[in-house]
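Novice: The structure follows.
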Amino acid sequence: MKYQLWLRSKPEASVEEKHKSLITALQSLEEPWRLHGADFPTPEFGSDLYASFSFHKCLSKGIRGHVFYRYRNMLADTSGHDDYLYFEFNARKIDFRYIVDSVLPALIRSFNAYYGYLAIEELIYVDFNKSRHRDYRKELVRFYPVFFMSDELCTKALGFTARSVKAKLENTPTKTELLNDGILLISSYSPLTVAESARVDTALNSLLCA
């Protein structure tokens, strides 16, 4: 089952600071998430608006990833000007609980993410039409099985704070954790199919968007 970890972040810190923080977080993790090697240079922009760094050769077999940093000039308050990163992996061959409990929180903190999720890759194609032209700093495409929202995103997309989200989800199957000025929603500690993910989205919509 091919899964993805996605994070979005506003480009408020310098690329050098942010890259160093991300590398430090990955080096602190257990295998297979700990980086191999000792040289992880800050990527350069050249003539492009994004500078990228590939983790493909730095991580154990079965995990691929990239980070993209937006050029720090002429920035607008939209998700089209975000820094972002993703990792791909087979969720049935890697300790999924460790990703939920340790990998994702560490990356959220180090990348200072405002938006993030763990979900089956197929949801990208399922959501293609409704995700086009969305501003992720203000809108939600869906509630993912494991989903992070900053307090600011909660307020803009839902109309109430992260603490209010936590209160609304008390005594429900979804576990919540206040994290890095936001909230992490955990609806499953096991990888879910597209159909199972859709049921999570429907349930959380009824609880938070009714």
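Residues in the structure tokens are named by chain (A, B, ... in the order shown) and by number from 1 within that chain; ligands are numbered from 1 in the order shown.
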Using only C-alpha atoms, find each residue in segment 160-199 of chain A having at least one atom no more than 12 Å away from segment 95-116 of chain A; report its shortest atom-to-atom pair and that distance in Å (one decimal), rows by chain then rising number, as a tab-separated table.
Specialist:
residue	atom	partner	partner_atom	distance
A:Ala162	CA	A:Tyr114	CA	11.7
A:Lys175	CA	A:Val100	CA	11.5
A:Thr176	CA	A:Asp101	CA	11.8
A:Glu177	CA	A:Pro105	CA	10.0
A:Leu178	CA	A:Pro105	CA	10.5
A:Leu179	CA	A:Pro105	CA	7.6
A:Asn180	CA	A:Arg109	CA	6.0
A:Asp181	CA	A:Tyr114	CA	8.7
A:Gly182	CA	A:Tyr114	CA	7.5
A:Ile183	CA	A:Tyr114	CA	9.6
A:Leu184	CA	A:Pro105	CA	8.5
A:Leu185	CA	A:Val100	CA	10.2
A:Ile186	CA	A:Val100	CA	8.0
A:Ser187	CA	A:Val100	CA	10.6
A:Ser188	CA	A:Val100	CA	9.2
A:Tyr189	CA	A:Arg97	CA	5.7
A:Ser190	CA	A:Phe96	CA	6.4
A:Pro191	CA	A:Phe96	CA	7.2
A:Leu192	CA	A:Phe96	CA	10.9
Novice: Please return, as a ChimeraX atom specification, all residues of segment 95-154 of chain A that DSSP assigns to strand (DSSP E) on the basis of the backbone.
Specialist: /A:115-120,146-150
Novice: What does the file look like for those residues with N, CA and C atoms, as a short mmCIF file (atom, residue, chain, number, x, y, z; two decimals), in the first residue's frame?
Specialist:
data_model
loop_
_atom_site.label_atom_id
_atom_site.label_comp_id
_atom_site.auth_asym_id
_atom_site.auth_seq_id
_atom_site.Cartn_x
_atom_site.Cartn_y
_atom_site.Cartn_z
N TYR A 115 0.21 22.59 7.72
CA TYR A 115 -0.70 21.63 7.10
C TYR A 115 0.09 20.36 6.83
N GLY A 116 -0.50 19.22 7.13
CA GLY A 116 0.20 17.97 6.83
C GLY A 116 -0.71 16.77 6.97
N TYR A 117 -0.31 15.69 6.33
CA TYR A 117 -1.13 14.47 6.43
C TYR A 117 -0.34 13.22 6.08
N LEU A 118 -0.90 12.09 6.51
CA LEU A 118 -0.50 10.75 6.08
C LEU A 118 -1.71 10.13 5.42
N ALA A 119 -1.56 9.63 4.19
CA ALA A 119 -2.71 9.05 3.50
C ALA A 119 -2.24 8.21 2.32
N ILE A 120 -3.12 7.34 1.87
CA ILE A 120 -2.83 6.52 0.70
C ILE A 120 -2.68 7.43 -0.52
N VAL A 146 -4.71 10.69 9.08
CA VAL A 146 -3.81 11.36 10.03
C VAL A 146 -3.57 12.75 9.45
N PHE A 147 -4.00 13.78 10.18
CA PHE A 147 -4.09 15.11 9.58
C PHE A 147 -3.67 16.18 10.59
N PHE A 148 -2.83 17.12 10.14
CA PHE A 148 -2.38 18.22 10.98
C PHE A 148 -2.85 19.55 10.42
N MET A 149 -3.35 20.43 11.31
CA MET A 149 -3.75 21.79 10.94
C MET A 149 -3.19 22.75 11.98
N SER A 150 -2.62 23.85 11.53
CA SER A 150 -2.19 24.88 12.47
C SER A 150 -3.43 25.55 13.07
#
Novice: What parts of segment 5-118 of chain A does DSSP call helix (DSSP H, G or I)? I'd like the answer as a PyMOL selection string.
Specialist: chain A and resi 15-27+79-81+96-111
Novice: Per residue of segment 126-181 of chain A within 6 Å of segment 68-79 of chain A, what are the shortest atom pair and its distance in Å to one decimal, counting only C-alpha atoms, with rows by chain and residue number, as a tab-separated table?
Specialist:
residue	atom	partner	partner_atom	distance
A:Asp135	CA	A:Ser79	CA	5.3
A:Tyr136	CA	A:Ser79	CA	5.4
A:Arg137	CA	A:Ser79	CA	5.6
Novice: Could you dump the residues just selected with C-alpha atoms as a CSV table (one decimal), in the first residue's frame?
Specialist:
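The result, stored in part.csv:
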chain,number,residue,atom,x,y,z
A,135,ASP,CA,-5.5,27.8,-1.2
A,136,TYR,CA,-4.3,25.4,1.4
A,137,ARG,CA,-3.6,28.2,3.8
Novice: Using only C-alpha atoms, which protein or nucleic acid residues come within 8 Å of Tyr84 of chain A? Drop anything in the same chain fewer than 3 positions from it, and give the result as a ChimeraX atom specification.
Specialist: /A:6-9,67-69
Novice: Next, dump the selected residues to file, keeping only N, CA, C and O atoms, as a tab-separated table (two decimals), in the first residue's frame.
Specialist:
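Done, and the output landed in again_28.tsv:
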chain	number	residue	atom	x	y	z
A	6	TRP	N	2.84	14.29	3.60
A	6	TRP	CA	2.94	15.61	2.98
A	6	TRP	C	2.93	16.70	4.05
A	6	TRP	O	2.14	16.63	5.00
A	7	LEU	N	3.77	17.71	3.89
A	7	LEU	CA	3.76	18.87	4.77
A	7	LEU	C	3.86	20.15	3.94
A	7	LEU	O	4.59	20.19	2.94
A	8	ARG	N	3.16	21.17	4.39
A	8	ARG	CA	3.26	22.51	3.81
A	8	ARG	C	3.65	23.50	4.90
A	8	ARG	O	3.20	23.37	6.04
A	9	SER	N	4.46	24.49	4.52
A	9	SER	CA	4.96	25.46	5.49
A	9	SER	C	5.14	26.82	4.82
A	9	SER	O	5.50	26.90	3.64
A	67	VAL	N	12.20	17.74	-0.70
A	67	VAL	CA	11.78	18.99	-0.08
A	67	VAL	C	11.98	20.11	-1.09
A	67	VAL	O	12.96	20.11	-1.85
A	68	PHE	N	11.03	21.05	-1.11
A	68	PHE	CA	11.07	22.18	-2.04
A	68	PHE	C	10.97	23.47	-1.24
A	68	PHE	O	10.04	23.66	-0.45
A	69	TYR	N	11.93	24.38	-1.47
A	69	TYR	CA	11.95	25.66	-0.78
A	69	TYR	C	11.65	26.78	-1.77
A	69	TYR	O	12.27	26.88	-2.84
Novice: Considering only C-alpha atoms, state which residue in the set A:Ile124, A:Val15, A:Ile23, A:Ala91 is at the smallest distance from Ser54 of chain A.
Specialist: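 Result for the nearest residue to Ser54 of chain A: A:Ile23.
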Novice: Quick check, in Å to one decimal: how far apart do atom CA of Gly80 of chain A and atom CA of Glu12 of chain A lie?
Specialist: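 Separating atom CA of Gly80 of chain A from atom CA of Glu12 of chain A is a distance of 14.2 Å.
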Novice: Nearest to Val165 of chain A: which of A:Asn205, A:Ser47, A:Gln27, A:Ser60 is it, counting only C-alpha atoms?
Specialist: A:Asn205
